[in-house]
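For reference, target-v7.txt (compact mmCIF, C-alpha atoms):
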# COMPACT_ATOMS: atom_id res chain seq x y z
CA MET A 98 148.22 115.08 118.77
CA GLU A 99 144.70 115.85 119.91
CA GLU A 100 142.32 118.04 117.95
CA LEU A 101 142.28 120.90 120.45
CA GLU A 102 146.05 120.86 120.81
CA LEU A 103 146.53 120.94 117.04
CA PHE A 104 144.29 123.96 116.63
CA GLN A 105 145.76 125.82 119.58
CA ARG A 106 149.23 125.29 118.25
CA TYR A 107 148.27 126.53 114.78
CA ARG A 108 146.59 129.62 116.25
CA GLN A 109 149.75 130.39 118.22
CA THR A 110 152.31 129.82 115.49
CA GLY A 111 150.27 130.55 112.34
CA ASP A 112 152.68 128.13 110.69
CA VAL A 113 151.41 126.56 107.46
CA ALA A 114 153.08 123.29 108.45
CA ASP A 115 150.86 123.16 111.53
CA ARG A 116 147.81 123.93 109.43
CA ASN A 117 148.77 121.18 107.01
CA LYS A 118 148.88 118.68 109.85
CA ILE A 119 145.25 119.53 110.57
CA VAL A 120 144.43 119.26 106.87
CA GLU A 121 146.05 115.83 106.70
CA LYS A 122 144.19 114.67 109.80
CA TYR A 123 140.79 115.63 108.36
CA THR A 124 141.26 115.06 104.63
CA TYR A 125 139.31 111.83 105.00
CA ILE A 126 136.18 113.88 105.79
CA ALA A 127 136.61 115.79 102.54
CA SER A 128 137.01 112.48 100.75
CA VAL A 129 133.96 110.87 102.40
CA ILE A 130 131.70 113.82 101.59
CA ALA A 131 133.02 114.25 98.03
CA LYS A 132 132.24 110.58 97.33
CA LYS A 133 128.65 111.11 98.40
CA PHE A 134 128.13 113.68 95.64
CA VAL A 135 129.60 111.55 92.86
CA GLY A 136 127.15 110.76 90.07
CA ARG A 137 125.84 114.27 89.59
CA GLY A 138 127.96 114.97 86.53
CA VAL A 139 131.17 116.04 88.28
CA GLU A 140 134.25 113.85 88.60
CA TYR A 141 135.28 112.75 92.08
CA ASP A 142 138.67 114.48 91.75
CA ASP A 143 136.99 117.85 91.17
CA LEU A 144 134.63 117.33 94.09
CA PHE A 145 137.51 116.28 96.31
CA GLN A 146 139.41 119.42 95.37
CA VAL A 147 136.41 121.61 96.24
CA ALA A 148 136.01 119.71 99.51
CA VAL A 149 139.66 120.13 100.50
CA LEU A 150 139.54 123.86 99.75
CA ALA A 151 136.47 124.09 101.97
CA LEU A 152 138.36 122.14 104.62
CA ILE A 153 141.25 124.62 104.54
CA LYS A 154 138.85 127.57 104.74
CA GLY A 155 137.03 125.83 107.58
CA ILE A 156 140.25 125.37 109.56
CA GLU A 157 140.83 129.14 109.43
CA ARG A 158 137.30 129.90 110.60
CA PHE A 159 136.85 127.18 113.21
CA ASP A 160 136.71 128.39 116.80
CA GLU A 161 137.99 125.51 118.93
CA SER A 162 137.18 127.39 122.13
CA LYS A 163 133.43 126.83 121.56
CA GLY A 164 133.73 123.14 122.36
CA LEU A 165 132.32 121.91 119.06
CA GLN A 166 133.94 118.91 117.39
CA PHE A 167 135.74 119.90 114.20
CA SER A 168 134.16 117.03 112.22
CA THR A 169 130.67 118.28 113.16
CA TYR A 170 131.62 121.82 112.16
CA ILE A 171 133.35 121.02 108.90
CA THR A 172 130.76 118.64 107.39
CA PRO A 173 128.11 121.31 106.65
CA THR A 174 130.86 123.69 105.53
CA ILE A 175 132.17 121.23 102.94
CA THR A 176 128.63 120.23 101.94
CA GLY A 177 127.73 123.88 101.40
CA GLU A 178 130.80 124.50 99.25
CA ILE A 179 130.09 121.45 97.10
CA LYS A 180 126.48 122.55 96.65
CA ASN A 181 127.65 126.03 95.67
CA TYR A 182 130.01 124.45 93.20
CA PHE A 183 127.14 122.51 91.61
CA ARG A 184 125.01 125.64 91.51
CA ASP A 185 127.73 127.76 89.87
CA ARG A 186 128.70 125.00 87.50
CA SER A 187 125.15 124.47 86.31
CA ARG A 188 125.15 128.05 85.01
CA LEU A 189 127.82 127.23 82.46
CA ILE A 190 127.29 125.74 79.05
CA HIS A 191 129.15 122.46 78.65
CA LEU A 192 130.22 120.66 75.55
CA PRO A 193 129.22 117.03 75.17
CA ARG A 194 132.04 114.76 76.27
CA ARG A 195 132.54 113.31 72.75
CA VAL A 196 133.05 116.80 71.33
CA SER A 197 135.43 117.76 74.15
CA GLU A 198 137.48 114.62 73.55
CA LEU A 199 137.59 115.26 69.82
CA ARG A 200 138.79 118.80 70.46
CA VAL A 201 141.67 117.46 72.54
CA LYS A 202 142.60 115.03 69.75
CA ILE A 203 142.41 117.82 67.17
CA LYS A 204 144.70 119.99 69.25
CA ARG A 205 147.29 117.22 69.64
CA ALA A 206 147.17 116.25 65.95
CA SER A 207 147.39 119.91 64.86
CA ASP A 208 150.44 120.52 67.03
CA ARG A 209 152.14 117.42 65.76
CA ILE A 210 151.43 118.10 62.09
CA LEU A 211 152.52 121.71 62.51
CA SER A 212 155.82 120.68 64.08
CA GLU A 213 156.42 118.03 61.40
CA THR A 214 155.47 120.02 58.32
CA GLY A 215 155.70 123.60 59.51
CA LYS A 216 152.14 124.15 58.25
CA ALA A 217 148.82 124.20 60.07
CA PRO A 218 146.75 121.17 59.00
CA THR A 219 143.55 121.48 57.00
CA ALA A 220 140.26 120.04 58.21
CA LYS A 221 140.62 117.32 55.56
CA GLN A 222 144.04 116.30 56.88
CA LEU A 223 142.75 116.22 60.44
CA ALA A 224 139.70 114.20 59.43
CA SER A 225 141.90 111.65 57.72
CA GLU A 226 144.29 111.55 60.67
CA LEU A 227 141.58 111.13 63.30
CA LYS A 228 139.30 108.94 61.16
CA VAL A 229 136.28 111.19 61.47
CA THR A 230 134.42 113.25 58.90
CA GLU A 231 135.50 116.77 57.96
CA GLU A 232 132.15 118.01 59.21
CA GLU A 233 132.85 116.59 62.66
CA ILE A 234 136.23 118.32 62.71
CA VAL A 235 134.68 121.67 61.78
CA ARG A 236 131.85 121.27 64.28
CA ALA A 237 134.24 120.39 67.11
CA MET A 238 136.45 123.38 66.29
CA GLU A 239 133.45 125.71 66.20
CA ALA A 240 132.20 124.27 69.48
CA GLY A 241 135.34 125.67 71.06
CA ASN A 242 133.85 129.09 70.61
CA THR A 243 131.09 128.23 73.06
CA VAL A 244 131.19 130.62 75.99
CA SER A 245 129.24 131.00 79.15
CA ILE A 246 126.69 133.80 79.09
CA ASP A 247 128.18 134.79 82.45
CA ASN A 248 131.51 135.56 80.76
CA PHE A 249 132.40 139.19 80.35
CA SER A 250 131.77 140.60 76.94
CA GLY A 251 134.80 142.91 76.96
CA ASP A 252 138.47 142.08 77.39
CA GLY A 253 138.22 141.82 81.13
CA GLU A 254 135.87 142.15 84.06
CA GLU A 255 136.58 145.85 84.31
CA ASP A 256 135.23 146.37 80.81
CA GLY A 257 131.85 145.74 82.07
CA MET A 258 128.91 143.55 81.48
CA SER A 259 128.42 139.84 80.98
CA PHE A 260 126.93 138.47 77.75
CA HIS A 261 123.53 137.88 79.30
CA GLU A 262 123.40 141.57 80.21
CA VAL A 263 124.21 142.77 76.71
CA LEU A 264 122.26 140.22 74.67
CA PRO A 265 119.07 141.82 73.38
CA ALA A 266 115.72 140.73 74.67
CA GLU A 267 113.32 139.13 72.23
CA ASP A 268 112.13 141.92 69.95
CA LEU A 269 108.34 141.88 69.73
CA SER A 270 108.00 145.28 68.08
CA PHE A 271 107.46 143.91 64.53
CA GLU A 272 104.80 141.54 65.78
CA GLN A 273 103.12 144.42 67.62
CA ILE A 274 103.13 146.58 64.46
CA GLU A 275 101.53 143.75 62.45
CA ASN A 276 98.89 143.21 65.10
CA ARG A 277 98.09 146.91 65.27
CA ASP A 278 97.73 147.10 61.46
CA ALA A 279 95.38 144.13 61.44
CA VAL A 280 93.22 145.57 64.22
CA GLN A 281 93.08 149.03 62.63
CA SER A 282 92.03 147.51 59.34
CA ALA A 283 89.33 145.40 61.04
CA MET A 284 88.03 148.43 62.97
CA ARG A 285 87.04 150.13 59.72
CA ILE A 286 84.11 147.77 59.30
CA LEU A 287 82.60 148.87 62.64
CA SER A 288 80.04 151.63 63.11
CA ASP A 289 80.85 154.70 65.24
CA THR A 290 78.91 153.25 68.21
CA GLU A 291 80.70 149.95 67.91
CA ARG A 292 84.09 151.67 67.72
CA GLN A 293 83.16 153.68 70.79
CA ILE A 294 82.42 150.48 72.70
CA VAL A 295 85.72 148.92 71.60
CA SER A 296 87.54 152.06 72.74
CA TYR A 297 85.92 152.06 76.19
CA ARG A 298 86.05 148.30 76.78
CA PHE A 299 89.46 147.38 75.33
CA GLY A 300 91.23 150.72 75.19
CA GLU A 301 90.34 152.14 78.58
CA GLU A 302 89.44 148.69 79.96
CA LEU A 303 86.17 149.94 81.48
CA SER A 304 83.51 147.55 82.73
CA GLN A 305 80.35 147.01 80.67
CA THR A 306 78.38 148.92 83.32
CA GLU A 307 80.71 151.93 83.17
CA THR A 308 80.73 151.83 79.36
CA ALA A 309 76.93 151.77 79.38
CA ARG A 310 76.81 154.73 81.81
CA ARG A 311 79.12 156.85 79.65
CA MET A 312 77.21 156.05 76.47
CA GLY A 313 73.79 156.50 78.09
CA VAL A 314 72.64 152.97 77.22
CA SER A 315 71.90 149.80 79.20
CA GLN A 316 74.58 147.29 80.20
CA MET A 317 72.61 144.64 78.28
CA PHE A 318 72.92 146.75 75.13
CA VAL A 319 76.71 146.97 75.59
CA SER A 320 76.93 143.24 76.22
CA ARG A 321 74.93 142.32 73.11
CA LEU A 322 76.80 144.75 70.92
CA GLU A 323 80.15 143.58 72.27
CA ARG A 324 79.38 139.99 71.23
CA LYS A 325 78.35 141.22 67.80
CA ILE A 326 81.52 143.32 67.46
CA LEU A 327 83.79 140.45 68.44
CA GLU A 328 82.08 138.18 65.93
CA LYS A 329 82.46 140.78 63.18
CA LEU A 330 86.14 141.33 64.02
CA LYS A 331 86.79 137.60 64.14
CA GLN A 332 85.30 137.08 60.68
CA LYS A 333 87.20 140.03 59.27
CA LEU A 334 90.52 138.87 60.70
CA GLN A 335 89.96 135.29 59.49
CA LYS A 336 89.18 136.57 56.04
CA SER A 337 92.26 138.80 55.93
CA MET A 338 94.45 135.87 57.06
CA LYS A 339 93.09 133.71 54.22
CA ASP A 340 93.76 136.55 51.72
CA MET B 112 93.85 110.81 98.69
CA LYS B 113 97.44 111.48 99.68
CA ARG B 114 100.03 109.62 97.69
CA LEU B 115 101.95 106.94 99.55
CA LEU B 116 104.66 104.41 98.77
CA GLU B 117 106.06 101.96 101.29
CA LEU B 118 109.06 99.66 100.91
CA ASN B 119 110.32 96.93 103.20
CA LEU B 120 113.84 95.83 102.49
CA THR B 121 116.84 93.98 103.77
CA LEU B 122 119.73 96.39 104.11
CA GLN B 123 121.97 95.13 101.33
CA ASN B 124 123.93 97.32 98.94
CA GLU B 125 122.12 96.27 95.76
CA LEU B 126 118.74 96.95 97.35
CA MET B 127 119.93 100.36 98.53
CA THR B 128 120.66 101.17 94.90
CA THR B 129 117.12 100.12 94.06
CA VAL B 130 115.75 102.38 96.79
CA ARG B 131 117.91 105.22 95.43
CA LEU B 132 116.47 104.75 91.96
CA THR B 133 112.95 104.52 93.38
CA THR B 134 113.56 107.74 95.30
CA GLY B 135 114.47 109.48 92.06
CA GLY B 136 111.18 108.34 90.54
CA VAL B 137 109.15 109.41 93.58
CA CYS B 138 110.83 112.84 93.60
CA SER B 139 109.92 113.26 89.96
CA CYS B 140 106.25 112.39 90.73
CA PHE B 141 106.25 115.00 93.49
CA GLY B 142 107.65 117.66 91.17
CA LEU B 143 110.91 118.17 93.04
CA THR B 144 113.69 119.98 91.20
CA LEU B 145 116.66 118.01 89.97
CA ASP B 146 118.78 119.44 92.75
CA GLU B 147 116.23 118.56 95.45
CA SER B 148 115.83 115.14 93.94
CA GLU B 149 119.59 114.47 94.07
CA ASP B 150 119.73 115.71 97.67
CA CYS B 151 116.78 113.52 98.59
CA LYS B 152 118.46 110.45 97.06
CA LEU B 153 121.62 111.24 99.01
CA CYS B 154 119.66 111.63 102.25
CA VAL B 155 117.80 108.33 101.76
CA THR B 156 121.07 106.49 101.14
CA GLU B 157 122.70 108.19 104.11
CA ALA B 158 119.80 107.34 106.42
CA LEU B 159 119.88 103.69 105.33
CA LEU B 160 123.63 103.58 105.97
CA LEU B 161 123.00 105.05 109.41
CA LEU B 162 120.50 102.31 110.18
CA THR B 163 122.94 99.68 108.92
CA ARG B 164 125.72 101.07 111.11
CA ASN B 165 123.30 100.90 114.02
CA GLY B 166 122.91 97.16 113.65
CA PHE B 167 119.69 96.96 111.60
CA GLN B 168 119.28 94.22 109.01
CA THR B 169 115.95 95.33 107.63
CA ALA B 170 114.22 98.67 107.26
CA ARG B 171 110.96 100.22 106.19
CA VAL B 172 111.00 103.23 103.89
CA VAL B 173 107.86 105.32 103.54
CA PHE B 174 107.37 108.09 101.00
CA CYS B 175 104.24 110.10 101.63
CA GLU B 176 102.61 113.33 100.60
CA GLU B 177 102.83 115.71 103.55
CA GLU B 178 103.52 119.37 102.70
CA GLY B 179 105.78 118.12 99.93
CA LEU B 180 107.48 114.77 100.09
CA GLN B 181 107.92 113.27 103.54
CA VAL B 182 110.38 110.37 103.78
CA ILE B 183 110.46 108.12 106.84
CA LEU B 184 113.14 105.46 107.24
CA LYS B 185 112.71 103.13 110.17
CA GLY B 186 114.97 100.29 111.28
CA GLU B 187 113.00 97.05 111.75
CA LEU B 188 115.05 93.98 112.58
CA ARG B 189 118.11 94.69 114.67
CA GLU B 190 120.57 91.82 114.92
CA GLY B 191 124.03 93.30 114.53
CA ALA B 192 126.05 95.42 116.89
CA ARG B 193 126.27 99.17 116.61
CA GLU B 194 129.43 100.45 114.95
CA ASN B 195 130.75 103.41 116.85
CA SER B 196 132.32 105.39 114.06
CA VAL B 197 133.07 108.98 113.12
CA GLU B 198 131.16 108.27 109.91
CA GLU B 199 127.95 108.34 111.93
CA ASP B 200 128.68 111.91 113.03
CA ILE B 201 129.48 112.84 109.44
CA SER B 202 126.25 111.22 108.20
CA CYS B 203 124.16 113.09 110.77
CA ALA B 204 125.90 116.40 110.03
CA LEU B 205 125.47 115.82 106.30
CA LEU B 206 121.74 115.13 106.71
CA GLU B 207 121.40 118.24 108.84
CA ALA B 208 123.18 120.27 106.16
CA LEU B 209 120.90 119.03 103.41
CA VAL B 210 117.44 119.11 104.98
CA GLU B 211 115.67 121.50 107.30
CA ASN B 212 112.94 119.25 108.69
CA LEU B 213 115.20 116.48 109.86
CA SER B 214 114.34 114.18 112.72
CA ILE B 215 116.72 111.48 113.93
CA GLU B 216 115.18 109.15 116.51
CA ARG B 217 117.37 107.24 118.92
CA ASP B 218 116.59 104.41 121.30
CA GLY B 219 118.88 102.88 123.93
CA GLU B 220 120.99 101.23 121.24
CA GLY B 221 121.41 104.13 118.85
CA VAL B 222 119.68 105.60 115.81
CA CYS B 223 116.44 103.75 115.00
CA ALA B 224 114.60 106.08 112.60
CA VAL B 225 115.20 109.08 110.37
CA SER B 226 112.65 111.30 108.71
CA PHE B 227 112.83 114.44 106.60
CA ARG B 228 110.82 116.45 104.13
CA PHE B 229 111.53 117.87 100.70
CA GLY B 230 109.73 120.30 98.47
CA SER B 231 107.54 121.89 101.16
How does this structure look as structure tokens?
Amino acid sequence: MEELELFQRYRQTGDVADRNKIVEKYTYIASVIAKKFVGRGVEYDDLFQVAVLALIKGIERFDESKGLQFSTYITPTITGEIKNYFRDRSRLIHLPRRVSELRVKIKRASDRILSETGKAPTAKQLASELKVTEEEIVRAMEAGNTVSIDNFSGDGEEDGMSFHEVLPAEDLSFEQIENRDAVQSAMRILSDTERQIVSYRFGEELSQTETARRMGVSQMFVSRLERKILEKLKQKLQKSMKD
Amino acid sequence: MKRLLELNLTLQNELMTTVRLTTGGVCSCFGLTLDESEDCKLCVTEALLLLTRNGFQTARVVFCEEEGLQVILKGELREGARENSVEEDISCALLEALVENLSIERDGEGVCAVSFRFGS
């Protein structure tokens, strides 16, 4: 059956069997495109699945009356979906393959030992069973607690925010307090005029010219004194760091 | 001076892999992101396959600095016959989906050159 005929029939009947005929006819496109994205860290089967889903979505959206070939229409649609998949996937934290495989082995061994003995196995038992160290067993089990920061922090999406929204930002307040203490201590060695210059230049961020105007002195005076102040502060701070 | 790399190759699978690897290196030199770099590698491979399907036995690949990385792939020696396949349409549509500044040149016998830009 021709492309146009297939689509027209599906639009008329809305029958899934008709849609599936179209899917079958164009699955090769999904396969061709999925293969082209292999080697970027995602298995072909996963890519193929994404591509086929995009194909099904594309069939629903395609407007055969516009005269465009379906293969020309569906290729960018599938490509876009695969690229979105890569983008979304890259936001997740993934376990190294070795750890993932060990976790599967641990699960199988645990189930078997539990069914045989009626008791959950210890890490030592599992290590002996799987011929790895106890530390590796513990690490692999802990790795299972790895979550994406995009996961929701509550019991469900309705509960609210994802982990990255609730995790605190880096707290710089202690560092700021220490810096302020050090500066205040260093300021005590300055004269009133020097403190005034520091206040205008670094507190109010005035230019040297404006500072000079407010203090009734020349800009050259401010410049010279500023160099002297910075040198004094530098020596004081270096000394206090050594102490 | 603008950076430039030119390759002349026979269109054989193992050499296409070499070009793919080279493309990865060039993309890295041009500071493309990993995603752009992977797309660029895919486009280079796809363009070379297009030239092969259009009967070319050899091709010239040029990587040059031009508002990012400009890649030009030109068929040189044409001895085979053009394969009229749906895969060509898919290749062209795929290239169009992946790059914005795509140019596909055609002569009387089919596609003869492809060029595109990344990282501009």
Q: Identify all chain B residues at most 10 Å from chain A by counting all atoms listed in the file; ligands do not count. Present them as a ChimeraX atom specification.
A: /B:145-146,149-150,153-154,156-157,197-198,200-209
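Between atom CA of Phe227 of chain B and atom CA of Ala170 of chain B there is a distance of 15.8 Å.
Here the question is which of B:Leu159, B:Leu116, B:Leu132, B:Val172 gets nearest to Val222 of chain B using all atoms listed in the file, and that residue is B:Leu159.
Nearest-residue note for Val135 of chain A: choosing from B:Asn165, B:Leu184, B:Lys152, B:Cys175, the minimum distance belongs to B:Lys152, counting only C-alpha atoms.
Here atom CA of Arg116 of chain A is placed at a distance of 25.4 Å from atom CA of Glu199 of chain B.
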